[in-house]
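Q: This one is final_23.cif, mmCIF, C-alpha atoms.
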```cif
data_upload
loop_
_atom_site.label_atom_id
_atom_site.label_comp_id
_atom_site.auth_asym_id
_atom_site.auth_seq_id
_atom_site.Cartn_x
_atom_site.Cartn_y
_atom_site.Cartn_z
CA MET A 1180 -167.72 48.11 -72.19
CA ALA A 1181 -164.40 47.78 -70.39
CA ARG A 1182 -161.96 50.64 -70.64
CA LYS A 1183 -158.27 50.41 -69.83
CA ILE A 1184 -156.11 53.23 -68.56
CA ALA A 1185 -152.38 53.31 -67.89
CA VAL A 1186 -150.58 55.68 -65.57
CA ASP A 1187 -146.86 55.72 -66.32
CA PRO A 1188 -144.81 57.08 -64.66
CA ILE A 1189 -146.27 57.00 -61.18
CA THR A 1190 -144.59 59.96 -59.52
CA ARG A 1191 -143.65 60.93 -55.95
CA ILE A 1192 -142.22 57.49 -55.30
CA GLU A 1193 -138.70 56.15 -55.34
CA GLY A 1194 -138.28 53.95 -58.39
CA HIS A 1195 -140.18 53.40 -61.60
CA LEU A 1196 -143.76 52.18 -61.64
CA ARG A 1197 -146.55 51.72 -64.17
CA ILE A 1198 -150.13 51.01 -63.21
CA GLU A 1199 -152.77 49.77 -65.65
CA ALA A 1200 -156.39 49.57 -64.63
CA GLN A 1201 -159.44 48.09 -66.30
CA ILE A 1202 -162.63 50.05 -65.69
CA GLU A 1203 -166.16 48.78 -66.13
CA GLY A 1204 -169.19 50.82 -65.22
CA GLY A 1205 -167.17 53.30 -63.18
CA LYS A 1206 -165.47 50.57 -61.17
CA ILE A 1207 -161.97 49.21 -61.46
CA THR A 1208 -162.39 45.53 -62.16
CA ASN A 1209 -158.79 44.58 -62.67
CA ALA A 1210 -155.40 46.23 -62.24
CA TRP A 1211 -151.78 45.48 -63.05
CA SER A 1212 -148.61 47.02 -61.75
CA SER A 1213 -145.21 46.84 -63.42
CA SER A 1214 -141.86 47.86 -62.14
CA THR A 1215 -140.35 49.30 -65.28
CA MET A 1216 -136.72 49.36 -64.22
CA TYR A 1217 -134.29 46.50 -63.57
CA ARG A 1218 -130.66 46.95 -62.60
CA GLY A 1219 -129.60 43.33 -62.55
CA ILE A 1220 -128.69 43.27 -58.86
CA MET B 1264 -122.87 112.16 -49.37
CA GLN B 1265 -121.53 109.49 -51.64
CA ASN B 1266 -123.82 107.18 -53.50
CA PRO B 1267 -123.82 103.97 -51.43
CA GLU B 1268 -123.66 101.93 -54.65
CA THR B 1269 -120.21 103.22 -55.49
CA ARG B 1270 -118.94 102.58 -51.99
CA LEU B 1271 -119.76 98.89 -51.96
CA PRO B 1272 -116.55 96.96 -51.51
CA GLU B 1273 -115.74 94.51 -54.29
CA GLY B 1274 -117.49 91.20 -53.92
CA SER B 1275 -120.25 92.46 -51.67
CA VAL B 1276 -123.86 91.74 -52.43
CA PRO B 1277 -126.18 94.68 -53.17
CA GLU B 1278 -128.71 95.39 -50.44
CA GLU B 1279 -131.72 95.11 -52.75
CA ILE B 1280 -130.83 91.55 -53.71
CA LEU B 1281 -130.65 90.61 -50.03
CA GLN B 1282 -134.03 92.22 -49.43
CA GLN B 1283 -135.59 90.34 -52.31
CA TRP B 1284 -134.37 87.01 -50.95
CA GLU B 1285 -135.62 87.94 -47.49
CA LYS B 1286 -139.07 88.45 -48.97
CA ARG B 1287 -138.92 84.92 -50.28
CA GLY B 1288 -138.07 83.60 -46.84
CA VAL B 1289 -134.31 83.22 -47.24
CA SER B 1290 -132.50 85.26 -44.58
CA ARG B 1291 -129.67 87.51 -45.69
CA ARG B 1292 -127.31 85.47 -43.55
CA SER B 1293 -128.35 82.26 -45.34
CA PHE B 1294 -128.08 83.84 -48.75
CA LEU B 1295 -124.65 85.30 -48.08
CA LYS B 1296 -123.50 82.00 -46.63
CA PHE B 1297 -124.74 80.28 -49.77
CA CYS B 1298 -122.99 82.72 -52.10
CA SER B 1299 -119.71 82.52 -50.23
CA ALA B 1300 -119.86 78.71 -50.08
CA MET B 1301 -120.48 78.55 -53.82
CA THR B 1302 -117.71 81.03 -54.58
CA ALA B 1303 -115.32 79.03 -52.41
CA THR B 1304 -116.31 75.65 -53.86
CA LEU B 1305 -115.74 76.94 -57.38
CA ALA B 1306 -112.36 78.30 -56.24
CA LEU B 1307 -113.33 81.76 -57.49
CA PRO B 1308 -111.86 84.89 -55.92
CA VAL B 1309 -113.99 86.45 -53.18
CA THR B 1310 -114.50 89.44 -55.44
CA MET B 1311 -116.77 87.27 -57.60
CA MET B 1312 -119.34 86.82 -54.86
CA GLY B 1313 -121.39 89.81 -55.96
CA ARG B 1314 -121.53 88.46 -59.49
CA VAL B 1315 -122.69 85.08 -58.25
CA ALA B 1316 -125.46 86.76 -56.25
CA GLN B 1317 -126.51 88.84 -59.24
CA ALA B 1318 -126.62 85.80 -61.51
CA LEU B 1319 -129.11 84.21 -59.15
CA GLU B 1320 -131.22 87.32 -59.40
CA ALA B 1321 -131.52 87.47 -63.18
CA ASP B 1322 -134.85 86.70 -64.74
CA SER B 1323 -133.58 84.23 -67.30
CA SER B 1324 -133.96 81.19 -65.08
CA PRO B 1325 -133.54 78.11 -67.24
CA PRO B 1326 -135.99 75.24 -66.82
CA LEU B 1327 -134.56 72.01 -65.49
CA ILE B 1328 -135.53 68.44 -66.30
CA TRP B 1329 -134.37 65.79 -63.85
CA LEU B 1330 -134.34 62.31 -65.36
CA GLU B 1331 -134.08 59.10 -63.40
CA PHE B 1332 -133.08 55.85 -65.06
CA GLN B 1333 -131.32 52.90 -63.39
CA ASP B 1334 -131.01 54.78 -60.12
CA CYS B 1335 -131.82 54.56 -56.44
CA ALA B 1336 -132.90 58.23 -56.11
CA GLY B 1337 -129.91 58.71 -53.80
CA ASP B 1338 -128.81 61.80 -55.69
CA SER B 1339 -132.33 63.22 -55.57
CA GLU B 1340 -132.38 62.61 -51.84
CA ALA B 1341 -129.01 64.27 -51.44
CA PHE B 1342 -130.22 67.28 -53.40
CA LEU B 1343 -133.57 67.66 -51.67
CA ARG B 1344 -132.12 67.22 -48.22
CA ALA B 1345 -129.29 69.66 -48.79
CA ASN B 1346 -129.19 71.86 -45.75
CA GLN B 1347 -126.00 73.64 -46.64
CA PRO B 1348 -127.24 77.24 -46.54
CA THR B 1349 -130.67 76.36 -47.90
CA ALA B 1350 -129.03 75.46 -51.19
CA ALA B 1351 -131.99 73.47 -52.40
CA GLU B 1352 -134.42 76.27 -51.57
CA ILE B 1353 -132.37 78.87 -53.35
CA ILE B 1354 -131.79 76.77 -56.44
CA LEU B 1355 -135.30 75.31 -56.52
CA ASP B 1356 -136.72 78.77 -56.07
CA TYR B 1357 -134.60 80.09 -58.86
CA LEU B 1358 -134.68 77.27 -61.36
CA SER B 1359 -137.92 76.08 -62.75
CA VAL B 1360 -137.88 72.33 -62.20
CA ASP B 1361 -140.38 71.19 -64.81
CA TYR B 1362 -139.90 67.47 -64.46
CA HIS B 1363 -138.70 65.35 -61.58
CA GLU B 1364 -140.54 62.09 -61.06
CA THR B 1365 -139.77 61.80 -57.36
CA ILE B 1366 -141.20 65.20 -56.44
CA MET B 1367 -143.56 66.35 -59.20
CA ALA B 1368 -147.29 66.51 -58.60
CA ALA B 1369 -148.33 65.35 -62.06
CA ALA B 1370 -148.21 61.68 -63.03
CA GLY B 1371 -148.69 59.62 -66.16
CA HIS B 1372 -149.33 61.47 -69.41
CA GLN B 1373 -149.54 64.83 -67.62
CA ALA B 1374 -145.98 64.38 -66.42
CA GLU B 1375 -144.82 63.40 -69.88
CA ALA B 1376 -146.65 66.38 -71.37
CA ALA B 1377 -144.78 68.75 -69.04
CA LYS B 1378 -141.50 67.27 -70.21
CA HIS B 1379 -142.34 67.54 -73.90
CA GLN B 1380 -143.56 71.09 -73.46
CA THR B 1381 -140.26 72.13 -71.91
CA ILE B 1382 -138.27 70.44 -74.66
CA GLU B 1383 -140.24 72.20 -77.37
CA LYS B 1384 -140.51 75.61 -75.75
CA TYR B 1385 -136.95 75.86 -74.48
CA LYS B 1386 -135.11 73.83 -77.07
CA GLY B 1387 -131.35 74.29 -76.62
CA LYS B 1388 -131.86 76.38 -73.48
CA TYR B 1389 -132.95 74.07 -70.68
CA LEU B 1390 -130.72 72.09 -68.32
CA VAL B 1391 -130.95 68.36 -67.69
CA VAL B 1392 -129.81 66.44 -64.66
CA VAL B 1393 -129.55 62.69 -65.20
CA GLU B 1394 -129.43 60.23 -62.35
CA GLY B 1395 -128.84 56.54 -63.03
CA SER B 1396 -127.31 54.53 -65.86
CA ILE B 1397 -128.94 53.70 -69.18
CA PRO B 1398 -129.48 50.04 -70.14
CA MET B 1399 -128.64 49.27 -73.77
CA ALA B 1400 -129.23 45.49 -73.83
CA ASP B 1401 -132.30 43.90 -75.41
CA GLY B 1402 -133.60 47.07 -76.99
CA GLY B 1403 -133.55 49.02 -73.75
CA VAL B 1404 -136.38 47.07 -72.07
CA TYR B 1405 -134.72 47.21 -68.65
CA CYS B 1406 -135.78 50.77 -68.03
CA THR B 1407 -138.83 52.43 -69.53
CA VAL B 1408 -140.76 55.53 -68.56
CA GLY B 1409 -144.11 56.33 -70.08
CA GLY B 1410 -143.65 53.37 -72.45
CA ASP B 1411 -140.43 54.69 -73.95
CA SER B 1412 -136.94 53.36 -73.28
CA ALA B 1413 -134.42 55.24 -71.17
CA LEU B 1414 -132.14 55.41 -74.20
CA ASN B 1415 -134.77 57.09 -76.38
CA ILE B 1416 -135.67 59.51 -73.61
CA ALA B 1417 -132.02 60.40 -72.98
CA ARG B 1418 -131.41 60.96 -76.67
CA GLN B 1419 -134.38 63.25 -76.97
CA VAL B 1420 -134.04 65.17 -73.70
CA CYS B 1421 -130.23 65.45 -73.49
CA GLY B 1422 -129.84 65.92 -77.23
CA ASN B 1423 -131.95 69.09 -77.21
CA ALA B 1424 -130.63 70.56 -73.95
CA ALA B 1425 -128.18 73.40 -73.39
CA ALA B 1426 -126.25 71.13 -71.07
CA THR B 1427 -126.63 67.82 -69.28
CA ILE B 1428 -125.32 67.29 -65.76
CA ALA B 1429 -124.82 63.58 -65.06
CA VAL B 1430 -124.95 63.07 -61.30
CA GLY B 1431 -123.82 60.08 -59.29
CA SER B 1432 -121.57 57.23 -60.29
CA CYS B 1433 -124.22 55.38 -62.35
CA ALA B 1434 -125.07 58.23 -64.72
CA THR B 1435 -121.42 59.24 -65.05
CA PHE B 1436 -119.63 55.89 -65.39
CA GLY B 1437 -122.31 53.17 -65.30
CA GLY B 1438 -121.84 52.58 -61.58
CA ILE B 1439 -123.23 49.52 -59.86
CA PRO B 1440 -125.63 48.40 -62.66
CA ALA B 1441 -122.63 48.38 -65.03
CA ALA B 1442 -120.50 46.25 -62.69
CA THR B 1443 -119.57 42.79 -63.98
CA PRO B 1444 -121.48 40.97 -65.41
CA ASN B 1445 -123.66 43.98 -66.31
CA PRO B 1446 -126.71 41.98 -67.44
CA THR B 1447 -128.66 45.02 -68.62
CA GLY B 1448 -125.84 46.54 -70.68
CA ALA B 1449 -125.83 49.64 -68.47
CA VAL B 1450 -123.76 52.57 -69.71
CA SER B 1451 -123.17 56.18 -68.74
CA VAL B 1452 -125.02 59.14 -70.24
CA ARG B 1453 -121.93 60.13 -72.18
CA GLU B 1454 -121.75 56.69 -73.80
CA ALA B 1455 -125.47 56.53 -74.50
CA VAL B 1456 -125.75 60.01 -76.00
CA PRO B 1457 -122.31 60.81 -77.42
CA GLY B 1458 -123.42 64.02 -79.10
CA ALA B 1459 -124.78 65.75 -76.00
CA THR B 1460 -122.93 68.31 -73.86
CA VAL B 1461 -122.39 66.36 -70.67
CA ILE B 1462 -120.57 67.19 -67.47
CA ASN B 1463 -119.91 64.35 -65.03
CA LEU B 1464 -120.36 64.66 -61.27
CA PRO B 1465 -119.61 61.16 -59.99
CA GLY B 1466 -119.99 60.09 -56.37
CA CYS B 1467 -122.36 57.86 -54.48
CA PRO B 1468 -124.30 60.00 -53.98
CA VAL B 1469 -123.15 63.14 -55.75
CA ASN B 1470 -121.98 65.77 -53.30
CA VAL B 1471 -124.80 68.25 -53.57
CA GLN B 1472 -122.50 71.20 -53.01
CA ASN B 1473 -120.68 70.29 -56.21
CA LEU B 1474 -123.97 69.95 -58.12
CA THR B 1475 -125.19 73.30 -56.86
CA ALA B 1476 -121.85 74.93 -57.60
CA THR B 1477 -121.94 73.57 -61.16
CA ILE B 1478 -125.40 75.03 -61.68
CA VAL B 1479 -124.34 78.33 -60.12
CA HIS B 1480 -121.30 78.42 -62.41
CA TYR B 1481 -123.54 77.92 -65.41
CA LEU B 1482 -125.89 80.68 -64.26
CA THR B 1483 -123.04 83.07 -63.52
CA PHE B 1484 -120.88 82.55 -66.60
CA GLY B 1485 -123.29 81.01 -69.10
CA ARG B 1486 -121.16 77.90 -69.52
CA LEU B 1487 -120.15 74.79 -67.65
CA PRO B 1488 -116.99 74.82 -65.52
CA ALA B 1489 -113.66 73.55 -66.93
CA THR B 1490 -113.40 69.76 -66.96
CA ASP B 1491 -110.80 67.01 -67.18
CA GLN B 1492 -110.66 64.15 -69.70
CA LEU B 1493 -113.45 62.31 -67.90
CA ALA B 1494 -115.68 65.40 -68.16
CA ARG B 1495 -115.46 66.02 -64.43
CA PRO B 1496 -115.21 69.67 -63.27
CA LYS B 1497 -111.70 70.43 -62.12
CA PHE B 1498 -112.87 72.48 -59.15
CA ALA B 1499 -114.30 69.32 -57.58
CA TYR B 1500 -112.25 66.46 -59.05
CA GLY B 1501 -108.88 68.07 -59.63
CA LYS B 1502 -107.19 66.60 -56.59
CA ARG B 1503 -106.97 63.19 -55.03
CA ILE B 1504 -108.58 62.47 -51.66
CA HIS B 1505 -105.08 61.53 -50.50
CA ASP B 1506 -103.71 65.00 -51.34
CA ASN B 1507 -106.01 66.81 -48.93
CA CYS B 1508 -106.68 64.05 -46.42
CA GLU B 1509 -106.67 65.12 -42.78
CA ARG B 1510 -104.94 61.80 -41.94
CA ARG B 1511 -102.19 62.38 -44.48
CA SER B 1512 -99.57 63.21 -41.84
CA HIS B 1513 -100.07 59.74 -40.36
CA PHE B 1514 -99.53 58.19 -43.77
CA ASP B 1515 -96.33 60.15 -44.16
CA ALA B 1516 -95.22 59.14 -40.67
CA GLY B 1517 -95.96 55.46 -41.31
CA GLN B 1518 -98.72 55.36 -38.68
CA TYR B 1519 -101.47 53.02 -39.84
CA ALA B 1520 -104.60 51.56 -38.30
CA GLU B 1521 -104.16 47.80 -38.78
CA THR B 1522 -107.66 46.69 -37.79
CA PHE B 1523 -110.89 48.50 -36.99
CA GLY B 1524 -110.91 49.47 -33.31
CA ASP B 1525 -107.18 49.00 -32.68
CA PRO B 1526 -105.23 51.75 -30.87
CA GLY B 1527 -104.08 53.28 -34.17
CA HIS B 1528 -107.63 53.40 -35.45
CA ARG B 1529 -108.80 55.04 -32.24
CA GLN B 1530 -106.09 57.65 -32.57
CA GLY B 1531 -107.15 58.56 -36.06
CA TRP B 1532 -104.20 57.08 -37.92
CA CYS B 1533 -104.08 56.47 -41.66
CA LEU B 1534 -106.62 53.95 -43.00
CA TYR B 1535 -104.59 52.86 -46.00
CA LYS B 1536 -104.04 49.32 -44.71
CA LEU B 1537 -107.75 48.95 -44.04
CA GLY B 1538 -108.32 49.37 -47.74
CA CYS B 1539 -108.61 53.13 -48.14
CA LYS B 1540 -108.81 54.06 -51.83
CA GLY B 1541 -108.08 57.72 -51.19
CA PRO B 1542 -104.73 57.55 -53.01
CA GLU B 1543 -106.42 56.76 -56.32
CA THR B 1544 -109.66 58.70 -56.02
CA PHE B 1545 -110.13 62.21 -57.35
CA HIS B 1546 -112.72 64.12 -55.33
CA ASN B 1547 -112.99 67.12 -53.02
CA CYS B 1548 -114.56 65.19 -50.12
CA PRO B 1549 -111.87 66.23 -47.61
CA THR B 1550 -112.54 69.93 -48.13
CA VAL B 1551 -116.28 70.05 -48.88
CA ARG B 1552 -117.37 67.06 -46.77
CA TYR B 1553 -121.03 66.07 -46.41
CA ASN B 1554 -124.03 67.06 -44.33
CA GLU B 1555 -123.31 70.73 -43.98
CA GLY B 1556 -119.61 70.09 -43.92
CA SER B 1557 -119.91 68.13 -40.70
CA SER B 1558 -118.07 64.96 -41.68
CA TRP B 1559 -117.01 62.54 -44.41
CA PRO B 1560 -116.11 58.84 -44.43
CA ILE B 1561 -112.41 59.12 -43.53
CA GLN B 1562 -113.14 61.57 -40.73
CA ALA B 1563 -115.69 59.07 -39.43
CA GLY B 1564 -113.01 56.37 -39.35
CA HIS B 1565 -113.73 54.46 -42.56
CA GLY B 1566 -111.46 54.31 -45.57
CA CYS B 1567 -112.49 55.78 -48.90
CA LEU B 1568 -114.25 53.28 -51.19
CA GLY B 1569 -113.34 55.19 -54.32
CA CYS B 1570 -117.04 55.53 -55.20
CA SER B 1571 -116.51 58.38 -57.65
CA GLU B 1572 -113.98 56.65 -59.91
CA PRO B 1573 -114.80 54.88 -63.19
CA GLN B 1574 -115.75 51.17 -62.87
CA PHE B 1575 -115.71 51.74 -59.16
CA TRP B 1576 -117.34 48.48 -58.15
CA ASP B 1577 -115.02 46.27 -60.17
CA ALA B 1578 -111.84 48.30 -59.70
CA MET B 1579 -112.18 49.20 -56.03
CA THR B 1580 -113.28 45.90 -54.50
CA PRO B 1581 -112.44 44.23 -52.18
CA PHE B 1582 -113.04 47.34 -50.15
CA TYR B 1583 -111.18 46.22 -47.04
CA ARG B 1584 -108.02 45.01 -48.66
CA ARG B 1585 -105.07 47.23 -49.39
CA LEU B 1586 -105.03 48.85 -52.76
CA PRO B 1587 -105.02 45.98 -55.22
CA GLN B 1588 -101.83 45.59 -57.19
CA VAL B 1589 -102.43 48.36 -59.55
CA PRO B 1590 -105.57 47.68 -61.60
CA GLY B 1591 -106.79 50.91 -60.09
CA PHE B 1592 -103.71 52.72 -61.29
CA GLY B 1593 -104.43 51.57 -64.83
CA VAL B 1594 -107.89 53.06 -64.63
CA GLU B 1595 -106.46 56.25 -63.31
CA SER B 1596 -103.93 56.73 -66.07
CA THR B 1597 -106.70 58.26 -68.13
CA ALA B 1598 -107.60 60.74 -65.40
CA ASP B 1599 -104.92 63.35 -65.71
CA LYS B 1600 -101.41 63.52 -67.01
CA ILE B 1601 -100.29 65.26 -63.87
CA GLY B 1602 -102.02 62.64 -61.75
CA LEU B 1603 -100.07 59.93 -63.52
CA GLY B 1604 -96.70 61.19 -62.30
CA LEU B 1605 -98.02 61.61 -58.79
CA ILE B 1606 -99.39 58.11 -58.79
CA ALA B 1607 -96.10 56.59 -59.77
CA ALA B 1608 -94.49 58.48 -56.93
CA THR B 1609 -97.21 57.37 -54.53
CA GLY B 1610 -96.76 53.76 -55.60
CA VAL B 1611 -93.12 53.98 -54.57
CA ALA B 1612 -94.12 55.64 -51.31
CA PHE B 1613 -96.57 52.79 -50.58
CA ALA B 1614 -93.90 50.18 -51.12
CA ALA B 1615 -91.43 52.08 -48.93
CA HIS B 1616 -93.97 52.48 -46.16
CA ALA B 1617 -95.00 48.86 -46.27
CA VAL B 1618 -91.40 47.70 -45.93
CA ALA B 1619 -90.55 50.25 -43.25
CA SER B 1620 -93.60 49.44 -41.19
CA SER B 1621 -93.11 45.67 -41.37
CA PHE B 1622 -89.53 46.11 -40.11
CA ARG B 1623 -90.57 48.50 -37.38
CA LYS B 1624 -93.23 46.27 -35.94
CA GLY B 1625 -91.27 43.07 -36.46
CA ASP B 1626 -94.66 41.65 -37.14
CA LYS B 1627 -96.41 39.70 -39.84
CA LEU B 1628 -96.85 41.62 -43.05
CA GLU B 1629 -99.90 43.75 -42.66
CA ALA B 1630 -101.35 42.23 -45.82
CA ASP B 1631 -101.99 39.05 -43.83
CA GLN B 1632 -103.89 40.91 -41.18
CA VAL B 1633 -106.29 42.83 -43.29
CA VAL B 1634 -109.88 41.84 -43.00
CA LYS B 1635 -110.70 39.33 -45.68
CA GLU B 1636 -114.07 39.68 -47.21
CA ASP B 1637 -115.99 37.10 -49.12
#
```
Go ahead and express the file in the form of structure tokens.
A:
Amino acid sequence: MARKIAVDPITRIEGHLRIEAQIEGGKITNAWSSSTMYRGI
Amino acid sequence: MQNPETRLPEGSVPEEILQQWEKRGVSRRSFLKFCSAMTATLALPVTMMGRVAQALEADSSPPLIWLEFQDCAGDSEAFLRANQPTAAEIILDYLSVDYHETIMAAAGHQAEAAKHQTIEKYKGKYLVVVEGSIPMADGGVYCTVGGDSALNIARQVCGNAAATIAVGSCATFGGIPAATPNPTGAVSVREAVPGATVINLPGCPVNVQNLTATIVHYLTFGRLPATDQLARPKFAYGKRIHDNCERRSHFDAGQYAETFGDPGHRQGWCLYKLGCKGPETFHNCPTVRYNEGSSWPIQAGHGCLGCSEPQFWDAMTPFYRRLPQVPGFGVESTADKIGLGLIAATGVAFAAHAVASSFRKGDKLEADQVVKED
């Protein structure tokens, strides 16, 4: 059974970041990163 | 023998406070330097130095939440790298910084939990520093933290705080994200959360000595320093760059650098014709300077960009052309009534200087020689 976790905010970096990971049997099988801030420049 | 306590001259710092800071690794010299720098920045009499030192000793250290929205972390960097008498160490040691994404160990829901805990436990007592503008367009999707929009976070965190210190030009006036065409609908903290108690410390980045002095003022007197109509503290933004500029005598004498690297520029003449915005910018850069007071842009030979004024990107560009015909003055008319009169006078002075200098040099009008930027 796949489980999904999200870590938001990722700290100790410059900027805003969100990481989502899909876990199956103790292994990460898929992951997504999103930059959650846009300034329009 | 007299009790040494009663013999302390006014403004001196009690020995036991110095010893306590020494135990924490801050030498008495550093601590005294810090207290005197803060007292001077706040334009307080020297006799207040002891009170400043005692305020930093009290046990009622308020927690601090540092929020970052549409930012570049430049203000965080400025704060953390402050080497002016170990300001960061003293303040970080004293304040309890419960949330700061760039430096905190926790991440994800643990970080968010720390924030919510502070809000609940210290409701109405904690301090907030906000860095970066807040996007209002499209439901606030352009900046989210922990799944919530910057606007919602600002409302919750700033709305329940004792005071909010907006640092940098983006949090105070919208800054670069709010420049035309402002696709994300970026606004300042004051616009996003009108009900909150906000003090504005614009600048790109904020001058950390002014931030520290504002915090020290709050700790010493229990309230924020006096501000102008734009919510900027008067101790730091009460005077124009031009008023205290070290090149001012060259302006008055009509001695201008015409291009970068020309003889006038090498001799440290006035940078007004190279686009200096000092005459319409309110900031204490000339006296406080940056990097442990070592230098600041005009000292380094570059005109002021006016980074700490409202709508700075739109109003102050092009940077290398002489003050544009007055849109800047319009912006400034909201700054201070006193400033308004001065500006009118300065406008006349500019015109007089321009005419005088074009006659003297028998040359093309300097406006034709300024660097054009595209």
Q: Going by the chain IDs and residue numbers used in this file, which residues fall under the PyMOL selection byres ((chain A) within 8 of (chain B))? Write them as a JSON list (two decimals) with C-alpha atoms, in the frame of the given file.
A:
```json
[["chain", "number", "residue", "atom", "x", "y", "z"],
["A", 1185, "ALA", "CA", -152.38, 53.31, -67.89],
["A", 1186, "VAL", "CA", -150.58, 55.68, -65.57],
["A", 1187, "ASP", "CA", -146.86, 55.72, -66.32],
["A", 1188, "PRO", "CA", -144.81, 57.08, -64.66],
["A", 1189, "ILE", "CA", -146.27, 57.00, -61.18],
["A", 1190, "THR", "CA", -144.59, 59.96, -59.52],
["A", 1191, "ARG", "CA", -143.65, 60.93, -55.95],
["A", 1192, "ILE", "CA", -142.22, 57.49, -55.30],
["A", 1193, "GLU", "CA", -138.70, 56.15, -55.34],
["A", 1194, "GLY", "CA", -138.28, 53.95, -58.39],
["A", 1195, "HIS", "CA", -140.18, 53.40, -61.60],
["A", 1197, "ARG", "CA", -146.55, 51.72, -64.17],
["A", 1215, "THR", "CA", -140.35, 49.30, -65.28],
["A", 1216, "MET", "CA", -136.72, 49.36, -64.22],
["A", 1217, "TYR", "CA", -134.29, 46.50, -63.57],
["A", 1218, "ARG", "CA", -130.66, 46.95, -62.60],
["A", 1219, "GLY", "CA", -129.60, 43.33, -62.55],
["A", 1220, "ILE", "CA", -128.69, 43.27, -58.86]]
```
Q: Could you check how far atom CA of Leu1537 of chain B sits from atom CA of Phe1514 of chain B, in Å to one decimal?
A: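 Atom CA of Leu1537 of chain B sits 12.4 Å away from atom CA of Phe1514 of chain B.
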Q: Name the residues captured by the PyMOL selection byres ((chain B and resi 1475-1477) around 7) when it is applied to the shown file; answer as a short mmCIF file (atom, residue, chain, number, x, y, z; two decimals) with C-alpha atoms, in the frame of the given file.
A:
```cif
data_model
loop_
_atom_site.label_atom_id
_atom_site.label_comp_id
_atom_site.auth_asym_id
_atom_site.auth_seq_id
_atom_site.Cartn_x
_atom_site.Cartn_y
_atom_site.Cartn_z
CA MET B 1301 -120.48 78.55 -53.82
CA THR B 1304 -116.31 75.65 -53.86
CA LEU B 1305 -115.74 76.94 -57.38
CA VAL B 1471 -124.80 68.25 -53.57
CA GLN B 1472 -122.50 71.20 -53.01
CA ASN B 1473 -120.68 70.29 -56.21
CA LEU B 1474 -123.97 69.95 -58.12
CA ILE B 1478 -125.40 75.03 -61.68
CA VAL B 1479 -124.34 78.33 -60.12
CA HIS B 1480 -121.30 78.42 -62.41
CA TYR B 1481 -123.54 77.92 -65.41
CA LEU B 1487 -120.15 74.79 -67.65
CA PRO B 1488 -116.99 74.82 -65.52
#
```
Q: In Å to one decimal, how far is atom CA of Met1311 of chain B from atom CA of Leu1295 of chain B?
A: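 Straight-line distance from atom CA of Leu1295 of chain B to atom CA of Met1311 of chain B works out to 12.5 Å.
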Q: Using atom CA of Trp1559 of chain B and atom CA of Thr1427 of chain B as the two end points, give the distance in Å to one decimal.
A: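 Computing it gives 27.2 Å between the two atoms.
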Q: Find the residues near Arg1292 of chain B: any atom within 10 Å, counting only C-alpha atoms, skip ones fewer than 5 places away on the same chain, and give them as number ranges by chain.
A: B: 1281, 1285, 1297-1298, 1348
Q: On this file, the PyMOL selection byres ((chain A and resi 1209) around 12) gives some set of residues; write that set as number ranges by chain.
A: A: 1181-1184, 1198-1203, 1206-1208, 1210-1212
Q: Using all atoms listed in the file, determine which residues lie at most 9 Å from Ala1424 of chain B, disregarding the query and same-chain residues fewer than 3 positions distant; provide the list as a PyMOL selection string.
A: chain B and resi 1382+1385-1391+1419-1421+1427+1459-1460
Q: Compute the distance from (-117.2, 49.7, -60.5) to each atom, counting all atoms listed in the file, keep the residues with any atom at most 9 Å away, and return them as a PDB file with C-alpha atoms, in the frame of the given file; use the coordinates of the file.
A:
```pdb
ATOM      1  CA  SER B1432    -121.570  57.230 -60.290  1.00  0.00           C
ATOM      2  CA  PHE B1436    -119.630  55.890 -65.390  1.00  0.00           C
ATOM      3  CA  GLY B1437    -122.310  53.170 -65.300  1.00  0.00           C
ATOM      4  CA  GLY B1438    -121.840  52.580 -61.580  1.00  0.00           C
ATOM      5  CA  ILE B1439    -123.230  49.520 -59.860  1.00  0.00           C
ATOM      6  CA  PRO B1440    -125.630  48.400 -62.660  1.00  0.00           C
ATOM      7  CA  ALA B1441    -122.630  48.380 -65.030  1.00  0.00           C
ATOM      8  CA  ALA B1442    -120.500  46.250 -62.690  1.00  0.00           C
ATOM      9  CA  THR B1443    -119.570  42.790 -63.980  1.00  0.00           C
ATOM     10  CA  CYS B1570    -117.040  55.530 -55.200  1.00  0.00           C
ATOM     11  CA  GLU B1572    -113.980  56.650 -59.910  1.00  0.00           C
ATOM     12  CA  PRO B1573    -114.800  54.880 -63.190  1.00  0.00           C
ATOM     13  CA  GLN B1574    -115.750  51.170 -62.870  1.00  0.00           C
ATOM     14  CA  PHE B1575    -115.710  51.740 -59.160  1.00  0.00           C
ATOM     15  CA  TRP B1576    -117.340  48.480 -58.150  1.00  0.00           C
ATOM     16  CA  ASP B1577    -115.020  46.270 -60.170  1.00  0.00           C
ATOM     17  CA  ALA B1578    -111.840  48.300 -59.700  1.00  0.00           C
ATOM     18  CA  MET B1579    -112.180  49.200 -56.030  1.00  0.00           C
ATOM     19  CA  THR B1580    -113.280  45.900 -54.500  1.00  0.00           C
TER      20      THR B1580
END
```
Q: Out of B:His1528, B:Arg1291, B:Lys1384, B:Arg1418, which residue has the shortest atom-to-atom distance to His1513 of chain B when counting all atoms listed in the file?
A: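 Going through B:His1528, B:Arg1291, B:Lys1384, B:Arg1418 one by one, the smallest distance to His1513 of chain B is for B:His1528.
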Q: Residues within 8 Å of Cys1539 of chain B, please, as JSON, numbers by chain. Count all atoms listed in the file; anything in the same chain fewer than 2 positions from it doesn't count.
A: {"B": [1534, 1535, 1536, 1537, 1541, 1542, 1565, 1566, 1567, 1568, 1582, 1583, 1585, 1586]}
